[in-house]
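Text of structure_20.txt (compact mmCIF, C-alpha atoms) as supplied:
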# COMPACT_ATOMS: atom_id res chain seq x y z
CA MET A 29 0.00 0.00 0.00
CA VAL A 30 1.13 3.52 -0.77
CA SER A 31 2.39 5.29 2.33
CA LEU A 32 0.18 8.17 3.48
CA ASP A 33 0.84 11.00 5.89
CA PHE A 34 -2.42 10.17 7.66
CA GLU A 35 -3.62 7.63 10.19
CA VAL A 36 -7.00 6.32 11.29
CA SER A 37 -8.64 8.75 13.78
CA ASP A 38 -6.76 11.78 12.36
CA SER A 39 -8.93 14.87 11.95
CA VAL A 40 -8.98 16.20 8.40
CA ARG A 41 -10.58 19.04 6.43
CA VAL A 42 -11.64 18.80 2.78
CA LYS A 43 -9.84 21.18 0.46
CA GLU A 44 -11.77 23.95 -1.28
CA GLY A 45 -13.27 23.04 -4.64
CA VAL A 46 -13.80 19.33 -3.95
CA THR A 47 -17.30 18.20 -4.95
CA ASP A 48 -19.50 15.17 -4.35
CA PRO A 49 -19.80 13.44 -7.75
CA ASP A 50 -23.27 12.07 -6.95
CA SER A 51 -24.87 15.43 -6.16
CA ALA A 52 -22.34 18.01 -7.49
CA LEU A 53 -22.39 19.57 -4.01
CA ASP A 54 -19.26 21.51 -3.05
CA ILE A 55 -17.96 19.80 0.09
CA GLY A 56 -14.91 22.00 0.50
CA GLY A 57 -14.42 22.87 4.17
CA TRP A 58 -16.23 19.80 5.47
CA GLN A 59 -14.39 18.19 8.35
CA GLY A 60 -14.23 14.80 10.04
CA ARG A 61 -12.05 11.96 11.22
CA ILE A 62 -10.43 9.19 9.19
CA SER A 63 -12.23 5.94 9.96
CA GLU A 64 -10.56 3.70 7.37
CA ILE A 65 -7.57 3.68 5.02
CA GLY A 66 -7.51 1.18 2.19
CA GLU A 67 -6.31 0.46 -1.32
CA GLY A 68 -8.48 0.15 -4.41
CA PRO A 69 -8.16 -2.47 -7.20
CA ASP A 70 -5.90 -0.08 -9.11
CA GLY A 71 -3.51 0.18 -6.18
CA GLU A 72 -4.53 3.73 -5.39
CA PRO A 73 -5.17 4.46 -1.71
CA PHE A 74 -8.56 5.64 -0.49
CA VAL A 75 -9.56 7.20 2.79
CA VAL A 76 -12.98 7.03 4.48
CA VAL A 77 -13.79 10.17 6.46
CA ALA A 78 -16.55 10.11 9.07
CA TRP A 79 -17.96 13.63 9.31
CA ASP A 80 -17.86 15.51 12.61
CA SER A 81 -20.94 16.99 14.32
CA TYR A 82 -20.39 20.50 12.92
CA THR A 83 -20.34 19.22 9.34
CA LEU A 84 -23.33 16.94 9.91
CA ARG A 85 -25.44 19.79 11.26
CA ASP A 86 -24.44 22.11 8.40
CA MET A 87 -25.38 19.68 5.62
CA PRO A 88 -28.19 20.92 3.33
CA GLU A 89 -31.50 19.21 4.01
CA TRP A 90 -31.92 18.33 0.33
CA TYR A 91 -28.56 16.55 0.38
CA LEU A 92 -29.56 14.48 3.41
CA GLU A 93 -32.92 13.59 1.85
CA GLN A 94 -31.35 12.71 -1.50
CA SER A 95 -28.80 10.49 0.23
CA GLU A 96 -31.56 8.68 2.13
CA THR A 97 -33.62 8.20 -1.02
CA GLU A 98 -30.65 6.79 -2.96
CA GLY A 99 -29.38 4.66 -0.08
CA LEU A 100 -26.14 6.64 0.32
CA ASP A 101 -24.37 7.08 3.65
CA TRP A 102 -24.34 10.78 4.51
CA LYS A 103 -22.37 10.13 7.72
CA GLN A 104 -19.12 9.39 5.88
CA PHE A 105 -17.38 9.83 2.54
CA VAL A 106 -14.60 8.21 0.51
CA LEU A 107 -11.85 10.65 -0.49
CA ARG A 108 -8.48 10.65 -2.17
CA SER A 109 -5.52 11.70 -0.06
CA GLU A 110 -5.05 14.84 -2.17
CA ASP A 111 -8.62 15.97 -1.38
CA PHE A 112 -7.98 16.92 2.24
CA ARG A 113 -5.47 18.18 4.76
CA HIS A 114 -4.84 17.80 8.47
CA ALA A 115 -7.14 19.70 10.82
CA ARG A 116 -7.72 20.19 14.52
CA SER A 117 -10.51 18.14 16.09
CA ARG A 118 -13.60 20.20 16.92
CA ASP A 119 -15.75 17.76 18.92
CA THR A 120 -16.05 14.36 20.57
CA GLN A 121 -17.45 11.09 19.25
CA GLY A 122 -20.35 11.51 21.63
CA GLU A 123 -21.26 14.81 19.95
CA VAL A 124 -21.00 13.16 16.53
CA ASP A 125 -23.35 10.36 17.62
CA LYS A 126 -25.86 12.86 19.00
CA ALA A 127 -25.88 14.92 15.80
CA ALA A 128 -26.28 11.80 13.64
CA GLU A 129 -29.15 10.56 15.80
CA GLU A 130 -30.97 13.90 15.50
CA ILE A 131 -30.61 13.88 11.72
CA GLU A 132 -31.65 10.23 11.38
CA SER A 133 -34.86 10.89 13.31
CA ARG A 134 -35.60 13.73 10.90
CA VAL A 135 -34.76 12.22 7.51
CA TYR A 136 -35.17 8.46 7.99
CA TRP A 137 -38.77 8.48 6.76
CA VAL A 138 -37.73 9.91 3.38
CA SER A 139 -36.31 6.51 2.43
CA LEU A 140 -39.82 5.03 2.59
CA GLY A 141 -41.07 7.16 -0.30
CA ALA A 142 -44.58 8.65 -0.29
CA GLU A 143 -45.54 6.70 2.83
CA GLY A 144 -42.54 8.05 4.70
CA MET A 145 -43.23 11.61 3.56
CA ARG A 146 -46.78 11.40 4.95
CA ILE A 147 -45.42 10.09 8.26
CA ARG A 148 -42.86 12.88 8.45
CA GLU A 149 -45.57 15.46 7.83
CA VAL A 150 -47.52 14.14 10.82
CA LEU A 151 -44.38 14.39 12.97
CA SER A 152 -43.20 17.81 11.81
CA ASP A 153 -42.10 20.13 14.63
CA VAL A 154 -42.26 17.46 17.36
CA GLU A 155 -39.44 15.78 19.25
CA GLY A 156 -39.37 12.61 21.31
CA GLU A 157 -41.69 9.62 21.31
CA THR A 158 -44.19 11.17 23.74
CA GLU A 159 -44.74 14.19 21.51
CA GLU A 160 -44.88 11.94 18.45
CA LEU A 161 -47.64 9.83 20.01
CA GLU A 162 -49.56 12.98 20.89
CA ALA A 163 -49.17 14.20 17.31
CA TRP A 164 -50.54 10.90 16.00
CA GLU A 165 -53.47 11.06 18.43
CA ARG A 166 -54.41 14.52 17.13
CA TYR A 167 -53.95 13.49 13.50
CA LEU A 168 -55.99 10.29 13.85
CA LYS A 169 -58.86 12.03 15.62
CA GLU A 170 -58.97 14.74 12.95
CA ASN A 171 -58.64 12.50 9.89
CA LEU A 172 -60.10 9.05 10.56
CA SER A 173 -63.78 8.49 9.79
CA PHE A 174 -65.52 6.59 12.60
CA PRO A 175 -66.81 3.98 12.90
CA PHE A 176 -64.88 1.72 10.54
CA GLU A 177 -64.32 -1.98 10.12
CA ALA A 178 -60.86 -3.39 10.84
CA ARG A 179 -59.08 -6.72 10.99
CA VAL A 180 -56.47 -7.90 13.51
CA SER A 181 -53.33 -7.93 11.38
CA GLU A 182 -50.73 -9.18 13.87
CA TYR A 183 -50.26 -12.42 15.78
CA GLN A 184 -51.58 -12.08 19.34
CA GLU A 185 -49.84 -13.87 22.19
CA LYS A 186 -52.34 -12.70 24.81
CA GLY A 187 -55.99 -11.70 24.95
CA ARG A 188 -59.09 -13.11 23.30
CA LEU A 189 -58.65 -11.64 19.84
CA ARG A 190 -56.67 -13.53 17.24
CA GLN A 191 -55.09 -12.60 13.93
CA GLY A 192 -57.82 -12.25 11.31
CA ASP A 193 -60.64 -11.35 13.73
CA ARG A 194 -62.80 -8.43 12.61
CA VAL A 195 -63.75 -5.54 14.85
CA THR A 196 -65.66 -2.27 14.56
CA VAL A 197 -63.52 0.70 15.62
CA ARG A 198 -65.60 3.49 17.17
CA GLU A 199 -63.12 5.97 18.64
CA ILE A 200 -59.64 6.72 19.95
CA SER A 201 -59.67 5.65 23.58
CA VAL A 202 -56.27 6.50 25.08
CA VAL A 203 -52.57 6.79 24.24
CA ASP A 204 -50.27 4.37 26.02
CA ASP A 205 -46.45 4.63 26.21
CA LEU A 206 -46.06 0.91 25.52
CA TYR A 207 -48.89 0.05 23.13
CA GLY A 208 -49.37 3.42 21.45
CA VAL A 209 -52.81 4.57 20.35
CA ILE A 210 -55.59 2.40 21.82
CA VAL A 211 -58.96 2.33 20.09
CA SER A 212 -62.35 1.33 21.49
CA GLY A 213 -64.89 -0.66 19.55
CA LYS A 214 -66.90 -3.84 19.23
CA TRP A 215 -65.91 -7.46 18.61
CA GLY A 216 -69.21 -9.12 17.96
CA SER A 217 -71.34 -8.07 20.91
CA GLU A 218 -68.37 -7.43 23.21
CA SER A 219 -66.75 -4.05 23.85
CA ILE A 220 -63.00 -4.03 23.32
CA ASP A 221 -59.97 -1.77 23.66
CA PHE A 222 -57.17 -2.68 21.26
CA PRO A 223 -53.85 -1.26 19.95
CA LEU A 224 -54.37 0.44 16.60
CA CYS A 225 -50.90 -0.71 15.49
CA ASP A 226 -52.23 -4.31 15.34
CA LEU A 227 -55.18 -3.44 13.10
CA GLU A 228 -55.72 -2.83 9.41
CA ALA A 229 -58.78 -1.15 7.92
CA VAL A 230 -60.92 -3.64 5.99
CA ASN A 231 -62.09 -1.15 3.37
CA HIS A 232 -59.13 0.50 1.68
CA GLY A 233 -59.19 4.24 1.15
CA VAL A 234 -58.31 7.18 3.35
CA ASN A 235 -58.83 5.22 6.57
CA GLY A 236 -56.76 2.33 5.24
CA GLN A 237 -53.87 4.59 4.30
CA ILE A 238 -53.92 6.44 7.61
CA VAL A 239 -54.04 3.25 9.72
CA SER A 240 -51.27 1.72 7.59
CA ASP A 241 -49.06 4.82 7.92
CA TYR A 242 -49.51 4.80 11.68
CA GLY A 243 -48.63 1.08 11.82
CA VAL A 244 -45.45 1.64 9.81
CA TRP A 245 -44.42 4.48 12.13
CA PHE A 246 -45.14 2.42 15.26
CA ALA A 247 -43.09 -0.51 13.98
CA ASN A 248 -40.12 1.71 13.08
CA ARG A 249 -40.25 4.35 15.80
Please express what this file holds, its structure, as structure tokens.
Amino acid sequence: MVSLDFEVSDSVRVKEGVTDPDSALDIGGWQGRISEIGEGPDGEPFVVVAWDSYTLRDMPEWYLEQSETEGLDWKQFVLRSEDFRHARSRDTQGEVDKAAEEIESRVYWVSLGAEGMRIREVLSDVEGETEELEAWERYLKENLSFPFEARVSEYQEKGRLRQGDRVTVREISVVDDLYGVIVSGKWGSESIDFPLCDLEAVNHGVNGQIVSDYGVWFANR
């Protein structure tokens, strides 16, 4: 391998004028730490730079969303040794992890396409699972048409209902930290309270899409 004047964990800064070939974005001035040094099939060395928290937080939102949509890793980048220079570290790994987690919670849903975009719209301007559940409660109450027919879509380890059973959903009952949005309704002649995440609307349409979107969010929250 060609000898480089860099080592893993070194802090580096991208030289001015360097661009991302996938998006044509100028990444000059971006900074991070070397996480890997390797050699390509042609014998040329390559360096993987994991971006620091300052760079992560300064990335354009469209770039983050495009990377998610195309399955590209926005947390790191492969560079040639001539594309960067040594720099002084600006943060800790803990700060990098925190910044990445904040961004992931914001842009993850983009990778799911139209479904993910609808979920993100419901969760706009809220932070944390408690606020997200409250946002879903408001959205469901405002947009679902009650009553509606639903089917138990998930295997049930406990309780009387089983996968495939049909119920009539009448209203949102309560929001639970563990089970999420609980709905009240009827199973035959019996009154029931049941997690909405384990139901699917029988008649497709607006209700079906909304219940499905909520279920996808609950499973991936």
Using all atoms listed in the file, the residue out of A:Glu96, A:Phe105, A:Glu159, A:Asp48 with shortest distance to A:Val135 is A:Glu96
Of the listed residues A:Val150, A:Val230, A:Ala78, A:Ile55, that which approaches A:Arg134 most closely, counting only C-alpha atoms | A:Val150
Pick out the closest residue to A:Tyr82 from this set: A:Ala229, A:Val46, A:Leu168, A:Ala128. Count only C-alpha atoms.
->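 Checking each candidate against A:Tyr82, we get A:Ala128 as the closest.
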For A:Trp215, work out the shell of residues within 7 Å, counting only C-alpha atoms and skipping chain neighbours fewer than 5 positions away, then give it as number ranges by chain.
-> A: 194-196, 220
Please provide the set of residues having any atom within 9 Å of A:Thr158, restricted to all atoms listed in the file, with same-chain residues fewer than 4 positions apart removed, written as a PyMOL selection string.
-> chain A and resi 162-163+205
Looking at only C-alpha atoms, which of A:Val202, A:Leu53, A:Val180, A:Leu84 is the one that sits closest to A:Ala127?
->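 Closest candidate: A:Leu84.
Restricting the calculation to only C-alpha atoms, the smallest distance between A:Ser212 and any of A:Arg198, A:Lys169, A:Arg41, A:Lys103 is found for A:Arg198.
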Distance query 9 Å from (-50.7, -10.1, 10.5) using all atoms listed in the file, result as a list of chain:residue names |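 Residues lying no farther than 9 Å from the given point: A:Val180, A:Ser181, A:Glu182, A:Tyr183, A:Gln191, A:Gly192, A:Asp226, A:Leu227, A:Glu228.
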Pick out the residues sitting within 8 Å of A:Val40, and hand them over as a list in words; count only C-alpha atoms, and ignore anything fewer than 4 positions along from it in its own chain.
->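 Everything that qualifies: Gln59, Gly60, Arg61, Ile62, Val77, Phe112, Arg113, His114, Ala115 and Arg116 of chain A.
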Separation of atom CA of A:Asp101 from atom CA of A:Glu123 in Å = 18.3 Å
Hey, can you check how far atom CA of A:Phe34 sits from atom CA of A:Asp111?
->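 Interatomic distance, atom CA of A:Phe34 to atom CA of A:Asp111: 12.4 Å.
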Between A:Glu67, A:Glu129, A:Asp80, A:Asp50, which one has atoms that come closest to A:Leu100, using only C-alpha atoms?
->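 So, comparing all the options, the nearest one is A:Asp50.
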Considering all atoms listed in the file, return as number ranges by chain whatever protein or nucleic-acid residues lie within 12 Å of A:Tyr207, sequence-local ones (same chain, fewer than 5 positions apart) excluded.
-> A: 161, 202, 221-226, 243, 246-247
